[in-house]
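Asker: I'm passing along query_37.cif; it holds mmCIF, C-alpha atoms.
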data_query
loop_
_atom_site.group_PDB
_atom_site.id
_atom_site.type_symbol
_atom_site.label_atom_id
_atom_site.label_comp_id
_atom_site.auth_asym_id
_atom_site.auth_seq_id
_atom_site.Cartn_x
_atom_site.Cartn_y
_atom_site.Cartn_z
ATOM 1 C CA MET A 1 0.000 0.000 0.000
ATOM 2 C CA THR A 2 2.939 2.338 0.529
ATOM 3 C CA GLU A 3 5.954 3.138 -1.621
ATOM 4 C CA LEU A 4 7.892 4.564 1.315
ATOM 5 C CA GLY A 5 10.890 2.517 2.348
ATOM 6 C CA HIS A 6 10.317 0.807 5.682
ATOM 7 C CA ARG A 7 13.622 1.277 7.493
ATOM 8 C CA VAL A 8 12.753 1.178 11.153
ATOM 9 C CA GLN A 9 13.892 -1.698 13.356
ATOM 10 C CA GLY A 10 11.323 -2.092 16.104
ATOM 11 C CA VAL A 11 11.175 -0.568 19.572
ATOM 12 C CA ASP A 12 14.358 1.038 20.869
ATOM 13 C CA HIS A 13 12.802 1.805 24.225
ATOM 14 C CA VAL A 14 9.563 2.844 25.795
ATOM 15 C CA ALA A 15 9.840 4.951 28.956
ATOM 16 C CA PHE A 16 7.685 5.452 32.025
ATOM 17 C CA PRO A 17 8.099 7.264 35.345
ATOM 18 C CA THR A 18 8.309 5.297 38.585
ATOM 19 C CA PHE A 19 8.054 6.332 42.208
ATOM 20 C CA ASP A 20 9.013 2.865 43.426
ATOM 21 C CA PRO A 21 12.267 1.835 41.743
ATOM 22 C CA ALA A 22 12.904 -0.989 44.226
ATOM 23 C CA ALA A 23 9.635 -2.743 43.404
ATOM 24 C CA THR A 24 10.112 -1.974 39.709
ATOM 25 C CA VAL A 25 13.509 -3.698 39.734
ATOM 26 C CA ARG A 26 12.044 -6.599 41.671
ATOM 27 C CA PHE A 27 9.259 -7.010 39.131
ATOM 28 C CA TYR A 28 11.237 -6.698 35.917
ATOM 29 C CA ARG A 29 14.646 -8.060 36.903
ATOM 30 C CA ASP A 30 14.052 -10.447 39.795
ATOM 31 C CA VAL A 31 10.620 -11.847 38.954
ATOM 32 C CA LEU A 32 10.620 -11.735 35.147
ATOM 33 C CA GLY A 33 14.375 -12.041 34.652
ATOM 34 C CA PHE A 34 14.725 -9.039 32.345
ATOM 35 C CA PRO A 35 18.390 -7.967 32.599
ATOM 36 C CA VAL A 36 19.294 -4.393 33.515
ATOM 37 C CA VAL A 37 21.159 -3.236 30.428
ATOM 38 C CA HIS A 38 21.668 0.486 30.771
ATOM 39 C CA SER A 39 21.263 3.299 33.227
ATOM 40 C CA ILE A 40 21.914 7.008 33.382
ATOM 41 C CA CYS A 41 22.559 8.876 36.616
ATOM 42 C CA ALA A 42 21.940 12.512 35.886
ATOM 43 C CA ALA A 43 22.041 15.663 37.965
ATOM 44 C CA GLY A 44 19.072 17.861 37.229
ATOM 45 C CA TRP A 45 19.876 20.750 34.926
ATOM 46 C CA GLY A 46 18.293 22.898 32.257
ATOM 47 C CA PRO A 47 15.743 25.675 32.167
ATOM 48 C CA GLU A 48 13.114 23.825 34.165
ATOM 49 C CA ASP A 49 13.424 22.871 37.779
ATOM 50 C CA HIS A 50 14.456 19.381 36.783
ATOM 51 C CA PRO A 51 15.155 16.957 39.632
ATOM 52 C CA ASP A 52 18.174 14.690 39.733
ATOM 53 C CA PHE A 53 17.186 11.394 38.206
ATOM 54 C CA ILE A 54 18.073 7.815 37.373
ATOM 55 C CA HIS A 55 16.995 6.506 33.976
ATOM 56 C CA PHE A 56 17.249 2.725 33.910
ATOM 57 C CA PHE A 57 16.570 0.153 31.246
ATOM 58 C CA PHE A 58 15.574 -3.515 31.126
ATOM 59 C CA ASP A 59 16.084 -5.750 28.114
ATOM 60 C CA ILE A 60 12.725 -7.032 26.829
ATOM 61 C CA GLY A 61 14.264 -9.225 24.165
ATOM 62 C CA ASN A 62 15.288 -8.550 20.594
ATOM 63 C CA ASP A 63 17.495 -5.730 21.982
ATOM 64 C CA ASP A 64 14.337 -3.747 22.702
ATOM 65 C CA ARG A 65 14.075 -2.109 26.106
ATOM 66 C CA ILE A 66 11.636 -0.829 28.685
ATOM 67 C CA ALA A 67 12.961 2.139 30.625
ATOM 68 C CA PHE A 68 11.989 4.017 33.779
ATOM 69 C CA PHE A 69 12.708 7.430 35.229
ATOM 70 C CA TYR A 70 13.132 7.821 38.946
ATOM 71 C CA TYR A 71 13.194 11.465 40.056
ATOM 72 C CA PHE A 72 14.786 12.186 43.435
ATOM 73 C CA GLY A 73 12.567 14.184 45.708
ATOM 74 C CA ALA A 74 9.520 13.879 43.496
ATOM 75 C CA GLY A 75 6.354 12.577 45.090
ATOM 76 C CA ARG A 76 3.475 10.974 43.300
ATOM 77 C CA ASP A 77 1.591 14.259 43.562
ATOM 78 C CA ILE A 78 3.705 15.847 40.803
ATOM 79 C CA GLY A 79 1.440 13.981 38.396
ATOM 80 C CA GLY A 80 -1.663 15.589 39.860
ATOM 81 C CA GLU A 81 -4.395 14.287 42.097
ATOM 82 C CA PRO A 82 -4.315 10.571 42.859
ATOM 83 C CA GLY A 83 -6.620 8.578 40.610
ATOM 84 C CA VAL A 84 -9.146 5.972 41.611
ATOM 85 C CA LYS A 85 -8.133 4.094 38.457
ATOM 86 C CA GLY A 86 -5.098 4.125 36.216
ATOM 87 C CA ASP A 87 -1.419 4.143 37.099
ATOM 88 C CA VAL A 88 1.155 6.513 38.563
ATOM 89 C CA TYR A 89 1.261 8.450 35.282
ATOM 90 C CA ALA A 90 -2.319 8.311 33.992
ATOM 91 C CA ARG A 91 -4.847 8.968 36.746
ATOM 92 C CA PHE A 92 -8.534 8.486 36.219
ATOM 93 C CA GLY A 93 -11.703 8.917 38.206
ATOM 94 C CA ALA A 94 -14.019 6.116 39.233
ATOM 95 C CA ASP A 95 -16.398 6.989 36.415
ATOM 96 C CA VAL A 96 -13.876 6.324 33.624
ATOM 97 C CA PRO A 97 -14.751 3.000 31.962
ATOM 98 C CA GLU A 98 -12.336 0.141 32.450
ATOM 99 C CA PHE A 99 -11.962 -0.487 28.692
ATOM 100 C CA PHE A 100 -10.585 3.027 28.312
ATOM 101 C CA VAL A 101 -8.222 2.740 31.283
ATOM 102 C CA ARG A 102 -6.840 -0.514 29.879
ATOM 103 C CA SER A 103 -6.599 0.651 26.276
ATOM 104 C CA ARG A 104 -3.056 1.981 26.536
ATOM 105 C CA HIS A 105 -0.658 -0.803 27.419
ATOM 106 C CA LEU A 106 2.575 -2.530 26.493
ATOM 107 C CA ALA A 107 2.570 -6.132 25.265
ATOM 108 C CA ILE A 108 5.794 -8.123 25.106
ATOM 109 C CA HIS A 109 6.073 -10.963 22.623
ATOM 110 C CA VAL A 110 7.060 -14.569 23.321
ATOM 111 C CA ASP A 111 7.516 -17.332 20.770
ATOM 112 C CA ASP A 112 5.138 -19.984 22.011
ATOM 113 C CA GLU A 113 2.829 -21.324 24.696
ATOM 114 C CA GLU A 114 5.680 -22.845 26.674
ATOM 115 C CA ASP A 115 7.332 -19.447 27.041
ATOM 116 C CA LEU A 116 4.027 -17.754 27.874
ATOM 117 C CA LEU A 117 3.395 -20.270 30.652
ATOM 118 C CA GLU A 118 6.939 -19.882 31.945
ATOM 119 C CA TYR A 119 6.315 -16.159 32.483
ATOM 120 C CA ARG A 120 2.944 -17.015 34.002
ATOM 121 C CA ARG A 121 4.729 -19.252 36.518
ATOM 122 C CA ARG A 122 7.198 -16.503 37.403
ATOM 123 C CA LEU A 123 4.450 -13.926 37.914
ATOM 124 C CA ASP A 124 2.174 -16.267 39.840
ATOM 125 C CA ALA A 125 4.989 -16.946 42.308
ATOM 126 C CA SER A 126 5.475 -13.213 42.874
ATOM 127 C CA ASP A 127 3.561 -10.325 44.427
ATOM 128 C CA TRP A 128 2.151 -9.590 40.955
ATOM 129 C CA PRO A 129 0.279 -12.755 39.902
ATOM 130 C CA VAL A 130 -1.383 -13.033 36.517
ATOM 131 C CA GLU A 131 -4.795 -11.390 36.627
ATOM 132 C CA MET A 132 -6.101 -12.688 33.295
ATOM 133 C CA GLN A 133 -5.082 -15.240 30.664
ATOM 134 C CA ILE A 134 -7.070 -14.728 27.477
ATOM 135 C CA GLN A 135 -7.173 -16.263 24.027
ATOM 136 C CA HIS A 136 -8.035 -13.391 21.713
ATOM 137 C CA GLU A 137 -8.683 -13.781 17.983
ATOM 138 C CA THR A 138 -5.240 -15.129 17.039
ATOM 139 C CA ILE A 139 -3.088 -14.368 20.080
ATOM 140 C CA GLU A 140 -3.062 -15.571 23.678
ATOM 141 C CA SER A 141 -2.081 -13.174 26.435
ATOM 142 C CA ILE A 142 -1.405 -12.971 30.149
ATOM 143 C CA TYR A 143 -1.907 -9.735 32.041
ATOM 144 C CA THR A 144 -0.926 -8.194 35.311
ATOM 145 C CA HIS A 145 -0.167 -4.707 36.596
ATOM 146 C CA ASP A 146 3.407 -3.801 37.411
ATOM 147 C CA PRO A 147 4.308 -2.063 40.711
ATOM 148 C CA ASN A 148 3.564 1.312 39.099
ATOM 149 C CA GLY A 149 0.073 0.277 38.037
ATOM 150 C CA TYR A 150 1.043 -0.036 34.383
ATOM 151 C CA MET A 151 -0.848 -2.796 32.628
ATOM 152 C CA PHE A 152 1.640 -5.430 31.537
ATOM 153 C CA GLU A 153 0.886 -8.025 28.869
ATOM 154 C CA ILE A 154 2.871 -10.928 27.504
ATOM 155 C CA THR A 155 1.488 -12.481 24.353
ATOM 156 C CA ARG A 156 2.088 -15.272 21.862
ATOM 157 C CA ALA A 157 0.705 -15.824 18.382
ATOM 158 C CA MET A 158 -1.467 -18.947 18.193
ATOM 159 C CA ARG A 159 -0.677 -19.167 14.483
ATOM 160 C CA PRO A 160 1.286 -17.105 11.950
ATOM 161 C CA VAL A 161 -0.473 -14.117 10.396
ATOM 162 C CA THR A 162 -1.718 -14.954 6.903
ATOM 163 C CA PRO A 163 -1.345 -12.633 3.868
ATOM 164 C CA GLN A 164 -5.109 -12.151 3.577
ATOM 165 C CA GLU A 165 -5.124 -10.646 7.067
ATOM 166 C CA ASP A 166 -2.846 -7.885 5.811
ATOM 167 C CA LEU A 167 -5.306 -7.200 2.995
ATOM 168 C CA ASP A 168 -8.166 -7.228 5.480
ATOM 169 C CA ALA A 169 -6.354 -4.810 7.791
ATOM 170 C CA ASN A 170 -5.787 -2.395 4.931
ATOM 171 C CA LEU A 171 -9.406 -2.585 3.786
ATOM 172 C CA THR A 172 -10.517 -1.956 7.373
ATOM 173 C CA ILE A 173 -8.307 1.112 7.680
ATOM 174 C CA ASP A 174 -9.400 2.543 4.334
ATOM 175 C CA ALA A 175 -13.041 1.963 5.288
ATOM 176 C CA LEU A 176 -12.448 3.522 8.703
ATOM 177 C CA ILE A 177 -10.885 6.643 7.203
ATOM 178 C CA ASP A 178 -13.876 6.958 4.894
ATOM 179 C CA VAL A 179 -16.505 6.593 7.629
ATOM 180 C CA VAL A 180 -14.807 8.899 10.136
ATOM 181 C CA SER A 181 -14.691 11.615 7.465
ATOM 182 C CA GLU A 182 -18.517 11.527 7.455
ATOM 183 C CA PRO A 183 -20.826 12.517 10.313
ATOM 184 C CA GLU A 184 -21.723 9.963 12.983
ATOM 185 C CA PRO A 185 -19.435 7.057 12.149
ATOM 186 C CA THR A 186 -20.754 3.668 13.261
ATOM 187 C CA PHE A 187 -19.570 0.069 13.097
ATOM 188 C CA GLY A 188 -22.449 -0.658 10.719
ATOM 189 C CA LYS A 189 -21.288 2.062 8.324
ATOM 190 C CA LEU A 190 -17.751 0.718 8.475
ATOM 191 C CA LEU A 191 -18.897 -2.821 7.587
ATOM 192 C CA ALA A 192 -20.942 -1.454 4.686
ATOM 193 C CA ARG A 193 -18.002 0.564 3.334
ATOM 194 C CA LYS A 194 -15.697 -2.395 3.839
ATOM 195 C CA ALA A 195 -18.041 -4.652 1.870
ATOM 196 C CA GLU A 196 -17.704 -2.219 -1.039
ATOM 197 C CA LEU A 197 -13.911 -2.277 -0.792
ATOM 198 C CA ILE A 198 -13.950 -6.089 -0.657
ATOM 199 C CA VAL A 199 -15.955 -6.167 -3.890
ATOM 200 C CA GLU A 200 -13.624 -3.600 -5.483
ATOM 201 C CA ARG A 201 -10.301 -5.030 -4.441
ATOM 202 C CA ALA A 202 -10.320 -8.509 -2.915
ATOM 203 C CA ALA A 203 -10.569 -10.544 -6.112
ATOM 204 C CA ASP A 204 -7.758 -8.570 -7.778
ATOM 205 C CA TRP A 205 -5.647 -8.944 -4.669
ATOM 206 C CA GLU A 206 -6.041 -12.725 -4.765
ATOM 207 C CA LEU A 207 -5.198 -12.850 -8.454
ATOM 208 C CA ALA A 208 -2.050 -10.802 -7.824
ATOM 209 C CA GLN A 209 -1.087 -13.181 -5.015
ATOM 210 C CA GLU A 210 -1.484 -16.187 -7.323
ATOM 211 C CA THR A 211 0.396 -14.687 -10.252
ATOM 212 C CA GLY A 212 3.093 -13.464 -7.885
ATOM 213 C CA ARG A 213 3.864 -17.007 -6.797
ATOM 214 C CA MET B 214 -30.816 -9.833 -0.981
ATOM 215 C CA THR B 215 -28.531 -10.315 1.990
ATOM 216 C CA THR B 216 -24.763 -10.474 1.645
ATOM 217 C CA LEU B 217 -22.010 -10.606 4.195
ATOM 218 C CA TYR B 218 -18.299 -11.193 3.842
ATOM 219 C CA ILE B 219 -16.121 -13.222 6.175
ATOM 220 C CA LEU B 220 -12.350 -13.407 5.824
ATOM 221 C CA ASP B 221 -11.136 -16.937 5.127
ATOM 222 C CA VAL B 222 -8.852 -17.647 8.075
ATOM 223 C CA PRO B 223 -8.927 -20.842 10.147
ATOM 224 C CA GLU B 224 -10.863 -19.293 13.063
ATOM 225 C CA ASN B 225 -13.657 -18.079 10.758
ATOM 226 C CA THR B 226 -14.128 -21.220 8.669
ATOM 227 C CA PRO B 227 -16.797 -22.691 10.983
ATOM 228 C CA VAL B 228 -18.923 -19.537 10.573
ATOM 229 C CA ALA B 229 -19.099 -20.020 6.808
ATOM 230 C CA LYS B 230 -19.621 -23.750 7.249
ATOM 231 C CA VAL B 231 -22.550 -23.342 9.628
ATOM 232 C CA ALA B 232 -24.077 -20.618 7.425
ATOM 233 C CA ALA B 233 -23.886 -22.955 4.419
ATOM 234 C CA GLU B 234 -25.966 -25.612 6.202
ATOM 235 C CA ASP B 235 -29.064 -23.515 5.474
ATOM 236 C CA PRO B 236 -30.162 -24.550 1.949
ATOM 237 C CA SER B 237 -31.352 -20.999 1.205
ATOM 238 C CA VAL B 238 -27.846 -19.655 1.821
ATOM 239 C CA THR B 239 -25.108 -19.596 -0.827
ATOM 240 C CA VAL B 240 -21.460 -19.460 0.169
ATOM 241 C CA GLY B 241 -19.187 -18.256 -2.618
ATOM 242 C CA ARG B 242 -15.942 -16.362 -2.664
ATOM 243 C CA THR B 243 -14.669 -12.859 -3.372
ATOM 244 C CA GLY B 244 -10.900 -13.019 -3.219
ATOM 245 C CA PRO B 245 -9.924 -14.387 0.206
ATOM 246 C CA TYR B 246 -13.386 -13.697 1.649
ATOM 247 C CA PHE B 247 -16.364 -16.008 1.939
ATOM 248 C CA GLU B 248 -19.309 -14.257 0.284
ATOM 249 C CA ILE B 249 -22.372 -15.481 2.147
ATOM 250 C CA SER B 250 -25.647 -14.548 0.531
ATOM 251 C CA ALA B 251 -29.353 -15.335 0.625
ATOM 252 C CA ALA B 252 -32.608 -13.891 -0.627
ATOM 253 C CA GLY B 253 -33.792 -13.466 2.950
ATOM 254 C CA ALA B 254 -32.148 -13.563 6.358
ATOM 255 C CA ILE B 255 -28.838 -15.270 7.097
ATOM 256 C CA VAL B 256 -28.695 -16.729 10.602
ATOM 257 C CA VAL B 257 -25.619 -18.376 12.141
ATOM 258 C CA ASP B 258 -25.837 -20.107 15.514
ATOM 259 C CA ARG B 259 -22.731 -19.288 17.537
ATOM 260 C CA ARG B 260 -22.649 -22.504 19.529
ATOM 261 C CA ALA B 261 -22.824 -24.521 16.327
ATOM 262 C CA THR B 262 -19.693 -22.729 15.111
ATOM 263 C CA GLY B 263 -17.776 -23.452 18.310
ATOM 264 C CA CYS B 264 -16.180 -20.006 18.012
ATOM 265 C CA ARG B 265 -14.923 -18.449 21.216
ATOM 266 C CA HIS B 266 -16.244 -14.964 21.841
ATOM 267 C CA ALA B 267 -13.177 -13.023 20.668
ATOM 268 C CA VAL B 268 -13.390 -14.762 17.292
ATOM 269 C CA TRP B 269 -17.180 -14.597 17.070
ATOM 270 C CA TYR B 270 -17.452 -10.867 17.615
ATOM 271 C CA SER B 271 -14.712 -10.014 15.102
ATOM 272 C CA ALA B 272 -15.612 -12.476 12.347
ATOM 273 C CA VAL B 273 -17.660 -10.168 10.120
ATOM 274 C CA GLY B 274 -15.567 -8.624 7.360
ATOM 275 C CA GLY B 275 -18.241 -6.625 5.584
ATOM 276 C CA VAL B 276 -21.986 -6.288 5.167
ATOM 277 C CA ALA B 277 -23.423 -5.124 1.836
ATOM 278 C CA ARG B 278 -25.397 -1.864 1.848
ATOM 279 C CA ASP B 279 -28.667 -3.655 1.108
ATOM 280 C CA SER B 280 -28.225 -5.763 4.265
ATOM 281 C CA ARG B 281 -27.868 -5.085 7.949
ATOM 282 C CA ILE B 282 -26.922 -6.957 11.107
ATOM 283 C CA THR B 283 -30.000 -7.265 13.312
ATOM 284 C CA GLN B 284 -28.466 -9.612 15.894
ATOM 285 C CA HIS B 285 -24.850 -10.308 16.847
ATOM 286 C CA ASP B 286 -24.696 -11.692 20.350
ATOM 287 C CA LYS B 287 -23.631 -14.808 22.226
ATOM 288 C CA ASP B 288 -26.429 -16.793 20.599
ATOM 289 C CA ALA B 289 -26.462 -15.869 16.935
ATOM 290 C CA LEU B 290 -25.477 -13.627 14.058
ATOM 291 C CA ARG B 291 -28.490 -12.504 12.016
ATOM 292 C CA VAL B 292 -28.186 -10.445 8.858
ATOM 293 C CA GLU B 293 -31.306 -9.304 7.063
ATOM 294 C CA PRO B 294 -32.220 -7.340 3.967
ATOM 295 C CA THR B 295 -32.743 -3.650 4.691
#
Rewrite the coordinates I just gave you, this time as structure tokens.

Answerer:
Amino acid sequence: MTELGHRVQGVDHVAFPTFDPAATVRFYRDVLGFPVVHSICAAGWGPEDHPDFIHFFFDIGNDDRIAFFYYFGAGRDIGGEPGVKGDVYARFGADVPEFFVRSRHLAIHVDDEEDLLEYRRRLDASDWPVEMQIQHETIESIYTHDPNGYMFEITRAMRPVTPQEDLDANLTIDALIDVVSEPEPTFGKLLARKAELIVERAADWELAQETGR
Amino acid sequence: MTTLYILDVPENTPVAKVAAEDPSVTVGRTGPYFEISAAGAIVVDRRATGCRHAVWYSAVGGVARDSRITQHDKDALRVEPT
């Protein structure tokens, strides 16, 4: 669908604040076994009143990393009022629906069921046991919340993604862009627009797949 | 006329198979999609498909403009002419 060269190489790091570095290290390094691979000890400087901080990184496989900031002297209140829901960074009231609170999360990939269950064992033996194990459409995931309240997912593919799923994803996105450009987008309107795109493009796509072989 | 499209992936195959058991329903293909059509309503019983909920509620790929979903719950998927 795109002519732009795809040069990126996955996640370098994703970073979150923590007010409990000891528990964070226990969770990621001691429970999960993610090695500490990098850290920065920095005195606060710059135009803002920046606290001294430690920026520390755990290897999440594939040379990708999850990183945390610990700010000396900073209490949880620097992020605003405590939330009834959410985590130390994103605080939400009791009235915010759970699906929305959970929508932003990090999922770490494992190769197979054996590896998924190994991480389940490690978590279940810790202070952060698995809260849910769910088979979704084509992936199976375990979930818990880390010591900072961040939702933490480990997932495995139950089968490889097929080429037609890439077509389907692109038709969905094109249909979505069309329906959100009109007033009152609905799921029904999306399925109707997608049916039109299927009729327009799916047969040609399949033919191109066959002749490409 | 009622037409819905279901992507042909292993999880969705039972949906097309169960739909095809109704003699008034035709299951053809448009590219990698099952094209399921009938003169009247198309009804698929979820339990007959054996689909778990995550699969069941994401199985529909498209619904033609002359058709609409009137039921999609834990019991059945029903698509009817508009």

Asker: What would the list of residues within 9 Å of (22.7, 14.1, 39.3) (file frame) look like as a list in words, if all atoms listed in the file are what count?

Answerer: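 Protein, DNA and RNA residues close to (22.7, 14.1, 39.3): Cys41, Ala42, Ala43, Gly44, Trp45, Pro51, Asp52, Phe53 and Ile54 of chain A.
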
Asker: Write out as a list in words which residues come within 12 Å of A:His38 when counting only C-alpha atoms, dropping same-chain ones fewer than 5 positions away.

Answerer: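 Counting only C-alpha atoms, the residues come to His13, Ile54, His55, Phe56, Phe57, Phe58, Asp59, Asp63, Asp64, Arg65, Ile66, Ala67 and Phe68 of chain A.
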
Asker: Select all residues from chain B having any atom no more than 8 Å from an atom of chain A (counting all atoms listed in the file, ignoring ligands), output as a PyMOL selection string.

Answerer: chain B and resi 217-218+220-222+224+243-246+267-268+271+273-278+281-282

Asker: Once the PyMOL selection byres ((chain A and resi 107) around 10) has been evaluated on this model, what residues remain selected, and can you format them as a ChimeraX atom specification?

Answerer: /A:104-106,108-110,141-143,151-156

Asker: I would like the residues chosen by the PyMOL selection byres ((chain B and resi 238) around 12) on the shown file; could you give them as a PDB file with C-alpha atoms, in the frame of the given file?

Answerer:
ATOM      1  CA  MET B 214     -30.816  -9.833  -0.981  1.00  0.00           C
ATOM      2  CA  THR B 215     -28.531 -10.315   1.990  1.00  0.00           C
ATOM      3  CA  THR B 216     -24.763 -10.474   1.645  1.00  0.00           C
ATOM      4  CA  LEU B 217     -22.010 -10.606   4.195  1.00  0.00           C
ATOM      5  CA  ALA B 229     -19.099 -20.020   6.808  1.00  0.00           C
ATOM      6  CA  LYS B 230     -19.621 -23.750   7.249  1.00  0.00           C
ATOM      7  CA  VAL B 231     -22.550 -23.342   9.628  1.00  0.00           C
ATOM      8  CA  ALA B 232     -24.077 -20.618   7.425  1.00  0.00           C
ATOM      9  CA  ALA B 233     -23.886 -22.955   4.419  1.00  0.00           C
ATOM     10  CA  GLU B 234     -25.966 -25.612   6.202  1.00  0.00           C
ATOM     11  CA  ASP B 235     -29.064 -23.515   5.474  1.00  0.00           C
ATOM     12  CA  PRO B 236     -30.162 -24.550   1.949  1.00  0.00           C
ATOM     13  CA  SER B 237     -31.352 -20.999   1.205  1.00  0.00           C
ATOM     14  CA  THR B 239     -25.108 -19.596  -0.827  1.00  0.00           C
ATOM     15  CA  VAL B 240     -21.460 -19.460   0.169  1.00  0.00           C
ATOM     16  CA  GLY B 241     -19.187 -18.256  -2.618  1.00  0.00           C
ATOM     17  CA  GLU B 248     -19.309 -14.257   0.284  1.00  0.00           C
ATOM     18  CA  ILE B 249     -22.372 -15.481   2.147  1.00  0.00           C
ATOM     19  CA  SER B 250     -25.647 -14.548   0.531  1.00  0.00           C
ATOM     20  CA  ALA B 251     -29.353 -15.335   0.625  1.00  0.00           C
ATOM     21  CA  ALA B 252     -32.608 -13.891  -0.627  1.00  0.00           C
ATOM     22  CA  GLY B 253     -33.792 -13.466   2.950  1.00  0.00           C
ATOM     23  CA  ALA B 254     -32.148 -13.563   6.358  1.00  0.00           C
ATOM     24  CA  ILE B 255     -28.838 -15.270   7.097  1.00  0.00           C
ATOM     25  CA  VAL B 256     -28.695 -16.729  10.602  1.00  0.00           C
ATOM     26  CA  VAL B 257     -25.619 -18.376  12.141  1.00  0.00           C
ATOM     27  CA  VAL B 292     -28.186 -10.445   8.858  1.00  0.00           C
TER      28      VAL B 292
END

Asker: If we count all atoms listed in the file, what is near stretch 23-35 of chain A at a cut-off of 12 Å, once residues fewer than 4 positions away on the same chain are taken out, given as a count of residues only?

Answerer: 44

Asker: Hey, can you check how far atom CA of A:Val101 sits from atom CA of A:Asp87?

Answerer: 9.1 Å

Asker: Using atom CA of A:Val96 and atom CA of A:Pro21 as the two end points, give the distance in Å to one decimal.

Answerer: 27.7 Å
